[in-house]
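S.K.: I'd like to ask some things about the structure below.
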Amino acid sequence: MARKVILDVDPGVDDALAICMALFDPRLEVVAVTATAGNVSAEQATRNVQGIIEQLDPPRLPRIGAAKEPDFGREGDNRHLYGADGLGNAHFPVAELHHVHPAEKVICDEVRAAPDAITIVALGPLTNIARALARDSELASLIGRIHIMGGSMRAGGNVTPAAEFNIHCDPAAARTVFRSATTKTLVPLDVTNQVMMTYAQFDELPPESTKAGSFLRRILPHCFRTHRAELGLEGMWIHDAVAMAALLHPELFHAEALTGDVETRGELTTGATVFDRRSGRKAHANMEVLTEVDVAAVMDCILRGLHAAAKR
Ligand code: RIB
Ligand code: CA
């Protein structure tokens with residue numbers, strides 16, 4: 001029986017890789033893809049979700065949920081890395097969307113339709129999930145698991161010295177989700193920063209003649225250029241694809257049961273994730289945090305997932 005998932009994303013090129021892996025993996029049933037503001041605006045994220053699905057044309061079409069900006073505003077975005085449209089300046093055409101429901105409504109509907117069976121894969125700011133928890137007071141008890149790309153344990157921040165981007169965009173929402181009575185897995189920068197796609201691996205992607213190959217070859221080149229120009233990297237980080245690999249192959253990672261929380265008011269530390277590692281605190285853990293990764297095996301899993309997308 002395929003695992004039911006909702007992908008909550010702020011595409012974003014690395015979100016697009018994760019979506020591509022999930023839509024064609026027989027182990028997953030993607031019941032919905034909900035957009036959240038983060039890498040790009042709410043409107044652009046919603047547009048990108050539709051554009052990615054139209055370009056990849058998966059065997060089953062998921063529901064789409066529309067993003068709305070965080071209640072307390074959002075500082076910054078990642079267009080400097082992912083391009084003006086968030087997808088490497090591919091500027092995919094998108095058919096007009098009709099009656100797209102708000103993301104938090106789609107999440108509530110789909111969780112209610114399959115109690116305890118849904119894994120929410122959160123690859124952007126946690127705005128939608130916090131709103132869904134507020135919309136339906138029983139939702140926390142009905143969600144199977146929340147699998148989150150975000151935060152940092154010992155790896156420092158990537159958007160400020162202390163904070164990882166997804167958490168920093170909406171710290172209040174992240175604190176709500178961290179403190180909710182849900183089963184959570186966190187995939188922090190400590191593991192995602194260890195996995196980079198190289199130029200050689202780009203050349204190994206599916207051929208241009210396939211929908212997936214054409215899509216990947218349109219969104220990735222700009223990202224390689226910005227990672228080199230801005231970050232001095234000979235390759236690109238693919239945080240969300242690593243998080244998707246962790247969902248599909250947890251055996252390639254080491255996890256620790258910890259209590260995690262989010263700083264929401266620090267002048268220098270807003271958006272930082274804080275973990276209680278004092279002895280004797282395991283019993284109070286509110287999540288499992290991935291701390292180690294088999295880098296080569298995870299990269300192989302990601303490349304195999306992208307190739308599988310080209311075969312359908
Ligand atoms: O910090 C990395 C995360 O921020 C990734 O999910 C990336 O897509 C951005 O959302
Ligand atoms: Ca993302």
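For the structure tokens, the naming scheme is as follows: chains receive sequential letters (A, B, ...) according to their order of presentation, residues are indexed from 1 within each chain, and ligands are indexed from 1 in presentation order.
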Might you pull out every residue within 9 Å of Met299 (chain A), with only C-alpha atoms counted and same-chain residues fewer than 2 positions away left off, and present them as a list in words?
M.R.: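 These residues fall inside the cut-off: Val195, Met196, Met197, Val242, Ala245, Asp294, Val295, Ala296, Ala297, Cys301, Ile302, Leu303 and Arg304 of chain A.
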S.K.: Create the file for the chosen residues now, containing N, CA, C and O atoms and written as a compact mmCIF listing (two decimals), in the first residue's frame.
M.R.:
# COMPACT_ATOMS: atom_id res chain seq x y z
N VAL A 195 25.22 17.11 1.39
CA VAL A 195 24.91 16.49 0.09
C VAL A 195 24.81 17.57 -0.98
O VAL A 195 24.00 18.48 -0.88
N MET A 196 25.69 17.48 -1.99
CA MET A 196 25.66 18.46 -3.09
C MET A 196 25.55 17.74 -4.42
O MET A 196 26.16 16.68 -4.60
N MET A 197 24.79 18.30 -5.35
CA MET A 197 24.78 17.76 -6.71
C MET A 197 25.95 18.38 -7.47
O MET A 197 26.13 19.60 -7.44
N VAL A 242 17.23 15.85 -0.32
CA VAL A 242 17.81 15.03 0.77
C VAL A 242 16.70 14.67 1.77
O VAL A 242 16.61 13.53 2.22
N ALA A 245 14.72 11.93 0.31
CA ALA A 245 15.48 10.67 0.43
C ALA A 245 15.36 10.12 1.84
O ALA A 245 15.24 8.90 2.05
N ASP A 294 24.44 8.89 5.16
CA ASP A 294 25.34 8.18 4.23
C ASP A 294 25.27 8.96 2.92
O ASP A 294 24.36 8.75 2.10
N VAL A 295 26.19 9.89 2.73
CA VAL A 295 26.10 10.87 1.64
C VAL A 295 26.03 10.21 0.27
O VAL A 295 25.14 10.50 -0.54
N ALA A 296 26.92 9.27 0.02
CA ALA A 296 26.97 8.64 -1.33
C ALA A 296 25.68 7.88 -1.61
O ALA A 296 25.10 8.00 -2.70
N ALA A 297 25.19 7.16 -0.61
CA ALA A 297 23.96 6.36 -0.82
C ALA A 297 22.76 7.28 -1.03
O ALA A 297 21.88 6.99 -1.84
N CYS A 301 20.33 7.55 -4.27
CA CYS A 301 18.86 7.44 -4.14
C CYS A 301 18.18 8.60 -4.89
O CYS A 301 17.18 8.41 -5.59
N ILE A 302 18.71 9.80 -4.75
CA ILE A 302 18.14 10.98 -5.41
C ILE A 302 18.24 10.83 -6.93
O ILE A 302 17.25 11.02 -7.65
N LEU A 303 19.40 10.44 -7.42
CA LEU A 303 19.58 10.30 -8.88
C LEU A 303 18.68 9.20 -9.42
O LEU A 303 18.04 9.36 -10.47
N ARG A 304 18.54 8.09 -8.67
CA ARG A 304 17.65 7.01 -9.12
C ARG A 304 16.20 7.48 -9.15
O ARG A 304 15.44 7.17 -10.06
S.K.: Could you give me, as a Markdown table, every chain A residue with an atom at most 8 Å from ligand 1, plus its closest atom pair and distance in Å to one decimal, counting only C-alpha atoms and all ligand atoms, rows ordered by chain then number?
M.R.:
| residue | atom | partner | partner_atom_place_in_ligand_line | distance |
| --- | --- | --- | --- | --- |
| A:Val9 | CA | ligand 1 | 10 (O) | 7.5 |
| A:Asp10 | CA | ligand 1 | 10 (O) | 5.8 |
| A:Pro11 | CA | ligand 1 | 8 (O) | 6.5 |
| A:Gly12 | CA | ligand 1 | 8 (O) | 5.1 |
| A:Val13 | CA | ligand 1 | 8 (O) | 6.8 |
| A:Asp14 | CA | ligand 1 | 8 (O) | 5.3 |
| A:Asp15 | CA | ligand 1 | 8 (O) | 5.4 |
| A:Gly38 | CA | ligand 1 | 10 (O) | 5.9 |
| A:Asn39 | CA | ligand 1 | 10 (O) | 5.4 |
| A:Asn78 | CA | ligand 1 | 9 (C) | 7.2 |
| A:Leu123 | CA | ligand 1 | 6 (O) | 4.7 |
| A:Gly124 | CA | ligand 1 | 10 (O) | 4.5 |
| A:Pro125 | CA | ligand 1 | 10 (O) | 6.8 |
| A:Met149 | CA | ligand 1 | 6 (O) | 6.0 |
| A:Gly150 | CA | ligand 1 | 1 (O) | 6.2 |
| A:Gly151 | CA | ligand 1 | 1 (O) | 7.6 |
| A:Asn158 | CA | ligand 1 | 1 (O) | 6.4 |
| A:Val159 | CA | ligand 1 | 1 (O) | 7.5 |
| A:Glu164 | CA | ligand 1 | 1 (O) | 5.1 |
| A:Phe165 | CA | ligand 1 | 1 (O) | 4.4 |
| A:Asn166 | CA | ligand 1 | 4 (O) | 4.8 |
| A:Leu189 | CA | ligand 1 | 1 (O) | 6.9 |
| A:Ile238 | CA | ligand 1 | 5 (C) | 7.6 |
| A:His239 | CA | ligand 1 | 5 (C) | 5.3 |
| A:Asp240 | CA | ligand 1 | 6 (O) | 5.2 |
S.K.: Restricting the output to C-alpha atoms, write the selected residues as a PDB file, in the first residue's frame.
M.R.:
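Resulting contents of result.pdb:
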ATOM      1  CA  VAL A   9       6.547  23.327  -0.605  1.00  0.00           C
ATOM      2  CA  ASP A  10       7.947  26.749  -1.518  1.00  0.00           C
ATOM      3  CA  PRO A  11       9.374  25.949  -4.984  1.00  0.00           C
ATOM      4  CA  GLY A  12      12.326  26.601  -5.167  1.00  0.00           C
ATOM      5  CA  VAL A  13      14.523  24.409  -7.314  1.00  0.00           C
ATOM      6  CA  ASP A  14      15.337  21.903  -4.573  1.00  0.00           C
ATOM      7  CA  ASP A  15      11.618  21.629  -3.747  1.00  0.00           C
ATOM      8  CA  GLY A  38       9.343  31.211   1.253  1.00  0.00           C
ATOM      9  CA  ASN A  39      11.845  30.988  -1.588  1.00  0.00           C
ATOM     10  CA  ASN A  78      15.812  32.993  -2.208  1.00  0.00           C
ATOM     11  CA  LEU A 123       9.896  21.496   2.629  1.00  0.00           C
ATOM     12  CA  GLY A 124       9.262  25.206   3.186  1.00  0.00           C
ATOM     13  CA  PRO A 125       8.211  27.551   5.999  1.00  0.00           C
ATOM     14  CA  MET A 149      13.284  19.968   6.168  1.00  0.00           C
ATOM     15  CA  GLY A 150      14.445  22.769   8.422  1.00  0.00           C
ATOM     16  CA  GLY A 151      16.442  23.948  11.370  1.00  0.00           C
ATOM     17  CA  ASN A 158      22.101  29.735   6.275  1.00  0.00           C
ATOM     18  CA  VAL A 159      19.906  32.843   6.191  1.00  0.00           C
ATOM     19  CA  GLU A 164      17.919  28.130   8.767  1.00  0.00           C
ATOM     20  CA  PHE A 165      15.741  29.655   6.027  1.00  0.00           C
ATOM     21  CA  ASN A 166      12.471  27.693   6.420  1.00  0.00           C
ATOM     22  CA  LEU A 189      21.155  21.558   7.735  1.00  0.00           C
ATOM     23  CA  ILE A 238      19.627  20.115  -2.730  1.00  0.00           C
ATOM     24  CA  HIS A 239      18.210  20.284   0.801  1.00  0.00           C
ATOM     25  CA  ASP A 240      14.657  19.187  -0.022  1.00  0.00           C
TER      26      ASP A 240
END
S.K.: Can you tell me, as a PyMOL selection string, what residues are no more than 12 Å from Thr36 (chain A) when counting only C-alpha atoms, ignoring any on the same chain fewer than 4 positions away?
M.R.: chain A and resi 7-12+15+40-49+64-70+74+102-104+122-131+166+169-170+173
S.K.: As a PyMOL selection string, please: all residues of region 131-301 of chain A that backbone DSSP puts in helix (DSSP H, G or I).
M.R.: chain A and resi 131-135+139-142+165-169+171-179+189-192+199-203+211-231+239-248+250-252+282-284+295-301
S.K.: For a quick check of understanding, using only C-alpha atoms, which of A:Asp25, A:Gly73, A:Trp237, A:Lys105 has the smallest distance to Phe224 (chain A)?
M.R.: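 Smallest separation from Phe224 (chain A) among the options: A:Trp237.
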S.K.: Please identify all polymer residues within 12 Å of Glu267 (chain A), counting only C-alpha atoms, omitting same-chain residues fewer than 4 positions from it, and present them as a list in words.
M.R.: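 My reading of the contact set: Thr160, Pro161, Ala162, Ala163, Glu263, Gly271 and Ala272 of chain A.
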S.K.: Using DSSP on the backbone coordinates, identify the residues of region 44-240 of chain A assigned to strand (DSSP E); present them as a list in words.
M.R.: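 Strand (DSSP E) members of region 44-240 of chain A, listed: Arg63, Ile64, Gly65, Ile118, Thr119, Ile120, Val121, Ala122, Arg145, Ile146, His147, Ile148, Met149, Lys184, Thr185, Leu186, Val187, Met196, Met197, Met236 and Trp237 of chain A.
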S.K.: Pick from A:Ile148, A:Leu248, A:Ile6, A:Ala257: nearest to Cys108 (chain A), with only C-alpha atoms counted?
M.R.: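 Closest candidate: A:Ile6.
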S.K.: Could you list, as an MDAnalysis selection string, every residue within 10 Å of region 228-234 of chain A, counting only C-alpha atoms and ignoring same-chain residues fewer than 6 positions away?
M.R.: chainID A and resid 80:81 196:199 222
S.K.: For CA of Thr270 (chain A) and CA of Ala285 (chain A), quote the distance in Å rounded to one decimal.
M.R.: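 Separation between CA of Thr270 (chain A) and CA of Ala285 (chain A): 22.0 Å.
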S.K.: Measuring atom to atom with only C-alpha atoms and all ligand atoms, identify which of A:Pro26, A:Gly76, A:Gly86, A:Gly260 is nearest to ligand 2.
M.R.: A:Gly86
S.K.: CA of Leu258 (chain A) and CA of Asp276 (chain A) are how many Å apart?
M.R.: 6.5 Å
S.K.: Residues within 9 Å of region 206-217 of chain A, please, as a list in words. Count only C-alpha atoms; anything in the same chain fewer than 4 positions from it doesn't count.
M.R.: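 With the cut-off at 9 Å, the set is Ala16, Leu17, Cys20, Ile52, Gln55, Leu56, Asp57, Ala90, Phe202, Pro221, Leu306, His307, Ala308, Ala309, Ala310 and Lys311 of chain A.
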